[in-house]
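Undergrad: Dropping a structure here in structure tokens format, bear with me for questions.
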Amino acid sequence: MLAKAENGIYILKVSIESGFAEFGVIISINAQDFEVIENDKYRAVMLNAALHQPFQLKETGLNENDQRYYLDKILHADESEVNIFLTKPDHGQANGAISNMVRKASNRDIEKLRNGDWFY
């Protein structure tokens, strides 16, 4: 995942792997999103993991409103809201993929993540 700022335009490039396919998704972000992504690497890791799963299949990709919702929740909400937000899809459709990506990227305890304690 790479956040870029150029001439007042902010974008987030997310690399997606799905089976044998690899592709990128570009998401518009704002200055506040960029600031958090640059300065809070753990929230950036959680965002990358959370965005990866829905974009793996074209039919589950996130529209602009859903993308904004993910950005607002993961980057700007308090920790208890993020815990709830990430745990629901991790236990559901993602089947543990979000917590596993966070574990790999940040060396966190998978059991605590799976139990909904993303900021332990």
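Numbering starts fresh at 1 for the residues of each chain in the structure tokens, the chains themselves are lettered A, B, ... in the order given, and ligands are numbered from 1 as they appear.
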Going by DSSP on the backbone, which residues of chain A come out as strand (DSSP E or B)? List them as a PyMOL selection string.
TA: chain A and resi 2-6+9-18+21-29
Undergrad: Compile the contact shell of stretch 76-90 of chain A as a list in words: residues with an atom at most 7 Å away, counting only C-alpha atoms, same-chain residues fewer than 6 positions apart removed.
TA: Gly96, Ala97, Ile98, Ser99, Gly116, Asp117, Trp118 and Phe119 of chain A
Undergrad: Please give the complete set of residues from chain A that DSSP, run on the backbone, assigns to alpha helix (DSSP H), formatted as a PyMOL selection string.
TA: chain A and resi 31-39+41-55+64-71+79-91+97-106+110-114
Undergrad: Check the smallest atom-to-atom distance from each of A:Leu113, A:Met101, A:Ile16, A:Leu71 to A:Gln32 using only C-alpha atoms, then report the winner.
TA: A:Leu71
Undergrad: What is the atom CA of A:Gln93 to atom CA of A:Asn39 distance in Å?
TA: 29.5 Å
Undergrad: What does the distance between atom CA of A:Tyr70 and atom CA of A:Phe20 come to in Å, to one decimal place?
TA: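 It comes out at 26.0 Å.
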Undergrad: May I ask which of the residues A:Arg103, A:Ile26, A:Asn7, A:Leu75 is the closest one to A:Leu62, counting only C-alpha atoms?
TA: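 With only C-alpha atoms as the atom set, the closest residue is A:Ile26.
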Undergrad: Would you work out the distance separating atom CA of A:Val36 from atom CA of A:Lys4, expressed in Å to one decimal?
TA: 12.5 Å
Undergrad: Taking into account only C-alpha atoms, which residue in the set A:Pro54, A:Gly92, A:Gly8, A:Gly61 is nearest to A:Ala31?
TA: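 Result for the nearest residue to A:Ala31: A:Gly8.
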Undergrad: Smallest atom-to-atom distance to A:Glu17: which of A:Phe34, A:Tyr120, A:Phe55, A:Tyr69, using only C-alpha atoms?
TA: A:Phe55
Undergrad: Choose the residue, out of A:Ile74, A:Ala49, A:Ala21, A:Val14, that has the smallest atom-to-atom separation from A:Lys104; count only C-alpha atoms.
TA: A:Ala49
Undergrad: Please provide the set of residues having any atom within 10 Å of A:Asn48, restricted to only C-alpha atoms, with same-chain residues fewer than 4 positions apart removed, written as a count of residues only.
TA: 17
Undergrad: Counting only C-alpha atoms, which residue out of A:Asp66, A:Asp72, A:Asp109, A:Glu35 sits closest to A:Ala3?
TA: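 Residue with the minimum atom-to-atom distance to A:Ala3: A:Glu35.
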